[in-house]
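Undergrad: Input structure: model20.txt, which contains compact mmCIF, C-alpha atoms.
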# COMPACT_ATOMS: atom_id res chain seq x y z
CA GLN A 1 46.47 187.67 88.94
CA VAL A 2 45.00 185.24 86.39
CA GLN A 3 41.98 183.04 87.03
CA LEU A 4 41.32 180.07 84.78
CA VAL A 5 38.01 178.25 84.40
CA ASP A 6 38.10 174.87 82.68
CA SER A 7 35.06 173.31 81.06
CA GLY A 8 33.96 170.89 78.37
CA GLY A 9 34.65 167.59 80.05
CA GLY A 10 32.14 164.78 80.13
CA LEU A 11 31.45 161.16 79.35
CA VAL A 12 32.23 159.97 75.85
CA GLN A 13 32.63 156.60 74.18
CA ALA A 14 35.97 155.41 72.92
CA GLY A 15 36.63 156.88 69.49
CA GLY A 16 34.59 159.98 70.22
CA SER A 17 35.61 163.61 70.54
CA LEU A 18 35.44 166.41 73.08
CA ARG A 19 36.57 170.01 73.07
CA LEU A 20 37.81 171.45 76.33
CA SER A 21 37.78 175.19 76.95
CA CYS A 22 39.65 177.35 79.41
CA VAL A 23 38.63 180.96 79.91
CA ALA A 24 41.13 183.29 81.54
CA SER A 25 40.12 186.37 83.46
CA GLY A 26 42.60 189.12 84.11
CA PRO A 27 45.31 190.22 81.68
CA SER A 28 45.15 189.32 78.01
CA PHE A 29 47.04 186.37 76.58
CA ASP A 30 49.95 188.61 75.59
CA ARG A 31 53.09 186.92 76.88
CA HIS A 32 51.08 184.08 78.40
CA ALA A 33 52.14 180.58 77.38
CA LEU A 34 49.45 177.98 77.91
CA GLY A 35 49.27 174.29 78.53
CA TRP A 36 46.99 171.38 79.24
CA PHE A 37 47.82 168.67 81.77
CA ARG A 38 45.87 165.65 82.92
CA GLN A 39 45.73 163.67 86.11
CA ALA A 40 44.32 160.16 86.20
CA PRO A 41 43.07 158.68 89.48
CA GLY A 42 46.00 157.83 91.72
CA LYS A 43 48.53 159.17 89.22
CA GLU A 44 50.60 162.34 88.99
CA ARG A 45 49.67 165.22 86.74
CA VAL A 46 51.26 164.90 83.30
CA PHE A 47 51.74 167.10 80.29
CA VAL A 48 49.30 166.87 77.39
CA SER A 49 49.90 169.93 75.20
CA GLY A 50 51.56 173.34 75.24
CA LEU A 51 51.27 176.57 73.27
CA SER A 52 53.82 179.39 73.16
CA TRP A 53 52.65 182.90 73.92
CA SER A 54 53.27 183.88 70.30
CA GLY A 55 50.83 181.19 69.30
CA GLU A 56 53.33 179.94 66.74
CA GLU A 57 54.68 176.89 68.51
CA THR A 58 52.87 173.88 69.92
CA GLU A 59 53.88 170.63 71.54
CA TYR A 60 52.05 167.42 72.35
CA ALA A 61 52.69 164.37 74.48
CA ASP A 62 53.46 161.35 72.33
CA ALA A 63 50.29 159.63 73.54
CA VAL A 64 48.05 162.32 72.03
CA ARG A 65 50.05 163.60 69.08
CA GLY A 66 47.99 163.56 65.91
CA ARG A 67 44.71 163.24 67.82
CA PHE A 68 44.63 166.41 69.97
CA LEU A 69 44.87 170.04 68.89
CA ILE A 70 45.54 173.05 71.11
CA SER A 71 44.39 176.47 69.98
CA ARG A 72 43.40 179.81 71.40
CA ASP A 73 41.12 182.76 70.73
CA LYS A 74 42.89 185.86 72.03
CA ALA A 75 39.80 188.02 71.67
CA LYS A 76 37.95 185.68 74.02
CA ASN A 77 40.92 184.97 76.32
CA THR A 78 40.16 181.30 75.75
CA VAL A 79 42.35 178.30 75.03
CA TYR A 80 40.92 175.07 73.63
CA LEU A 81 41.92 171.44 73.49
CA GLN A 82 40.22 169.51 70.73
CA MET A 83 40.44 165.82 71.53
CA ASN A 84 39.65 163.24 68.85
CA SER A 85 39.77 159.46 68.72
CA LEU A 86 39.57 159.31 72.48
CA LYS A 87 40.76 156.20 74.28
CA PRO A 88 39.68 154.80 77.68
CA GLU A 89 43.17 155.41 79.07
CA THR A 90 42.61 159.11 78.48
CA THR A 91 40.18 159.23 81.41
CA ALA A 92 41.44 161.92 83.76
CA VAL A 93 40.87 165.38 85.13
CA PHE A 94 42.24 167.90 82.65
CA TYR A 95 43.77 171.17 83.82
CA CYS A 96 44.50 174.31 81.87
CA GLU A 97 47.69 176.07 82.99
CA ASP A 98 49.13 179.51 82.32
CA LYS A 99 52.60 181.01 82.47
CA TYR A 100 53.61 184.62 82.11
CA ALA A 101 56.63 184.20 79.83
CA PRO A 102 59.59 186.49 79.13
CA GLN A 103 59.49 188.66 76.02
CA TYR A 104 62.45 186.77 74.50
CA GLU A 105 60.70 183.38 74.87
CA SER A 106 57.81 184.16 72.54
CA ASP A 107 58.10 180.81 70.75
CA ARG A 108 58.74 178.63 73.76
CA TYR A 109 56.21 176.16 75.06
CA TYR A 110 56.48 174.63 78.52
CA THR A 111 56.07 170.96 79.34
CA ARG A 112 56.75 170.82 83.08
CA GLU A 113 54.04 171.70 85.54
CA TYR A 114 56.36 173.58 87.87
CA GLU A 115 57.02 176.06 85.07
CA TYR A 116 53.44 177.31 85.15
CA ASP A 117 52.07 180.04 87.39
CA TYR A 118 48.31 179.48 87.34
CA TRP A 119 45.92 176.60 86.75
CA GLY A 120 42.21 176.00 86.49
CA GLN A 121 39.98 173.88 88.68
CA GLY A 122 40.01 171.00 86.23
CA THR A 123 37.38 169.30 84.13
CA LEU A 124 36.73 165.55 84.19
CA VAL A 125 36.96 163.55 81.00
CA THR A 126 35.69 159.98 81.14
CA VAL A 127 36.10 157.72 78.13
CA SER A 128 34.13 154.50 78.19
CA SER A 129 35.17 151.41 76.30
Mind converting the file's structure to structure tokens?
TA:
Amino acid sequence: QVQLVDSGGGLVQAGGSLRLSCVASGPSFDRHALGWFRQAPGKERVFVSGLSWSGEETEYADAVRGRFLISRDKAKNTVYLQMNSLKPETTAVFYCEDKYAPQYESDRYYTREYEYDYWGQGTLVTVSS
């Protein structure tokens, strides 16, 4: 069983930056692919970024590519999402998600929410114009 705790959200002006964190309790990140999703008010949850369990492969939604960076610290069982040049349309609750991946899919990232096994409680990001 994995428990994820998201943090780092807050209120920021357009053009600013935030770094989200997600701490996992339970097993280490070995064979755990990770992802960030966001859900705006009244909208469905959508993919933001993914990281393979090897840590070698990443993927980003087109809307954030070049501005966001996903990373992890295995020693701390923590995954981060550095968000730069934030835009008002980014306002949403951000969720960290975790998937226990097969050994042979070490370099695969996952972009669909149903592929994940665990998720955090979410952290609210509000970007003012």
Undergrad: Work out how far atom CA of A:Leu124 is from atom CA of A:Gly26, in Å to one decimal.
TA: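 So the two atoms, atom CA of A:Gly26 and atom CA of A:Leu124, lie 24.3 Å apart.
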Undergrad: Report, in Å with one decimal, the straight-line distance from atom CA of A:Gly55 to atom CA of A:Tyr116.
TA: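 Result for atom CA of A:Gly55 versus atom CA of A:Tyr116: 16.5 Å, one decimal.
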Undergrad: Given the choices A:Tyr80, A:Phe94, A:Tyr100, A:Trp53, which gets closest to A:Asp117 if the distance is worked out from only C-alpha atoms?
TA: A:Tyr100
Undergrad: Counting only C-alpha atoms, which residue out of A:Asn84, A:Gln121, A:Lys99, A:Tyr110 sits closest to A:Ala14?
TA: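 Closest to A:Ala14 of all the choices is A:Asn84.
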Undergrad: Return the single residue from A:Ser52, A:Thr91, A:Gln3, A:Gln82 that is closest to A:Arg19, with distances computed using only C-alpha atoms.
TA: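 Selected residue with least distance to A:Arg19: A:Gln82.
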Undergrad: Could you write stretch 4-21 of chain A of the block just shown to a file containing N, CA, C and O atoms, as a PDB file, in the first residue's frame?
TA:
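The resulting selection-v8.pdb:
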ATOM      1  N   LEU A   4       0.303   8.791  -0.644  1.00  0.00           N
ATOM      2  CA  LEU A   4       0.934   9.956  -1.243  1.00  0.00           C
ATOM      3  C   LEU A   4       0.395  11.226  -0.590  1.00  0.00           C
ATOM      4  O   LEU A   4      -0.817  11.366  -0.413  1.00  0.00           O
ATOM      5  N   VAL A   5       1.295  12.132  -0.262  1.00  0.00           N
ATOM      6  CA  VAL A   5       0.897  13.414   0.327  1.00  0.00           C
ATOM      7  C   VAL A   5       1.432  14.530  -0.557  1.00  0.00           C
ATOM      8  O   VAL A   5       2.665  14.709  -0.676  1.00  0.00           O
ATOM      9  N   ASP A   6       0.504  15.258  -1.164  1.00  0.00           N
ATOM     10  CA  ASP A   6       0.862  16.371  -2.056  1.00  0.00           C
ATOM     11  C   ASP A   6       0.967  17.654  -1.253  1.00  0.00           C
ATOM     12  O   ASP A   6       0.185  17.882  -0.331  1.00  0.00           O
ATOM     13  N   SER A   7       1.895  18.525  -1.662  1.00  0.00           N
ATOM     14  CA  SER A   7       2.014  19.832  -1.034  1.00  0.00           C
ATOM     15  C   SER A   7       2.685  20.800  -1.993  1.00  0.00           C
ATOM     16  O   SER A   7       3.171  20.405  -3.056  1.00  0.00           O
ATOM     17  N   GLY A   8       2.725  22.077  -1.592  1.00  0.00           N
ATOM     18  CA  GLY A   8       3.436  23.073  -2.373  1.00  0.00           C
ATOM     19  C   GLY A   8       2.546  24.009  -3.160  1.00  0.00           C
ATOM     20  O   GLY A   8       3.041  24.969  -3.763  1.00  0.00           O
ATOM     21  N   GLY A   9       1.260  23.746  -3.181  1.00  0.00           N
ATOM     22  CA  GLY A   9       0.360  24.631  -3.902  1.00  0.00           C
ATOM     23  C   GLY A   9       0.218  25.970  -3.200  1.00  0.00           C
ATOM     24  O   GLY A   9       0.692  26.155  -2.078  1.00  0.00           O
ATOM     25  N   GLY A  10      -0.439  26.894  -3.864  1.00  0.00           N
ATOM     26  CA  GLY A  10      -0.641  28.205  -3.272  1.00  0.00           C
ATOM     27  C   GLY A  10      -1.107  29.202  -4.303  1.00  0.00           C
ATOM     28  O   GLY A  10      -1.463  28.832  -5.425  1.00  0.00           O
ATOM     29  N   LEU A  11      -1.094  30.453  -3.914  1.00  0.00           N
ATOM     30  CA  LEU A  11      -1.498  31.547  -4.791  1.00  0.00           C
ATOM     31  C   LEU A  11      -0.255  32.213  -5.353  1.00  0.00           C
ATOM     32  O   LEU A  11       0.657  32.587  -4.594  1.00  0.00           O
ATOM     33  N   VAL A  12      -0.214  32.359  -6.660  1.00  0.00           N
ATOM     34  CA  VAL A  12       0.935  32.969  -7.316  1.00  0.00           C
ATOM     35  C   VAL A  12       0.439  33.832  -8.469  1.00  0.00           C
ATOM     36  O   VAL A  12      -0.606  33.543  -9.061  1.00  0.00           O
ATOM     37  N   GLN A  13       1.176  34.862  -8.776  1.00  0.00           N
ATOM     38  CA  GLN A  13       0.817  35.722  -9.903  1.00  0.00           C
ATOM     39  C   GLN A  13       1.248  35.079 -11.215  1.00  0.00           C
ATOM     40  O   GLN A  13       2.200  34.287 -11.256  1.00  0.00           O
ATOM     41  N   ALA A  14       0.564  35.440 -12.259  1.00  0.00           N
ATOM     42  CA  ALA A  14       0.928  34.957 -13.587  1.00  0.00           C
ATOM     43  C   ALA A  14       2.397  35.276 -13.858  1.00  0.00           C
ATOM     44  O   ALA A  14       2.875  36.367 -13.545  1.00  0.00           O
ATOM     45  N   GLY A  15       3.095  34.293 -14.419  1.00  0.00           N
ATOM     46  CA  GLY A  15       4.516  34.451 -14.680  1.00  0.00           C
ATOM     47  C   GLY A  15       5.398  33.933 -13.558  1.00  0.00           C
ATOM     48  O   GLY A  15       6.615  33.792 -13.733  1.00  0.00           O
ATOM     49  N   GLY A  16       4.802  33.648 -12.424  1.00  0.00           N
ATOM     50  CA  GLY A  16       5.564  33.162 -11.279  1.00  0.00           C
ATOM     51  C   GLY A  16       5.823  31.677 -11.332  1.00  0.00           C
ATOM     52  O   GLY A  16       5.489  30.988 -12.312  1.00  0.00           O
ATOM     53  N   SER A  17       6.407  31.173 -10.259  1.00  0.00           N
ATOM     54  CA  SER A  17       6.794  29.759 -10.187  1.00  0.00           C
ATOM     55  C   SER A  17       6.332  29.141  -8.879  1.00  0.00           C
ATOM     56  O   SER A  17       6.177  29.831  -7.861  1.00  0.00           O
ATOM     57  N   LEU A  18       6.138  27.839  -8.916  1.00  0.00           N
ATOM     58  CA  LEU A  18       5.847  27.046  -7.722  1.00  0.00           C
ATOM     59  C   LEU A  18       6.505  25.687  -7.908  1.00  0.00           C
ATOM     60  O   LEU A  18       6.674  25.215  -9.042  1.00  0.00           O
ATOM     61  N   ARG A  19       6.849  25.061  -6.792  1.00  0.00           N
ATOM     62  CA  ARG A  19       7.328  23.685  -6.854  1.00  0.00           C
ATOM     63  C   ARG A  19       6.430  22.824  -5.983  1.00  0.00           C
ATOM     64  O   ARG A  19       6.333  23.032  -4.776  1.00  0.00           O
ATOM     65  N   LEU A  20       5.785  21.874  -6.616  1.00  0.00           N
ATOM     66  CA  LEU A  20       4.948  20.922  -5.895  1.00  0.00           C
ATOM     67  C   LEU A  20       5.794  19.728  -5.455  1.00  0.00           C
ATOM     68  O   LEU A  20       6.737  19.336  -6.147  1.00  0.00           O
ATOM     69  N   SER A  21       5.418  19.168  -4.315  1.00  0.00           N
ATOM     70  CA  SER A  21       6.102  17.980  -3.811  1.00  0.00           C
ATOM     71  C   SER A  21       5.079  16.901  -3.514  1.00  0.00           C
ATOM     72  O   SER A  21       3.925  17.189  -3.174  1.00  0.00           O
TER      73      SER A  21
END
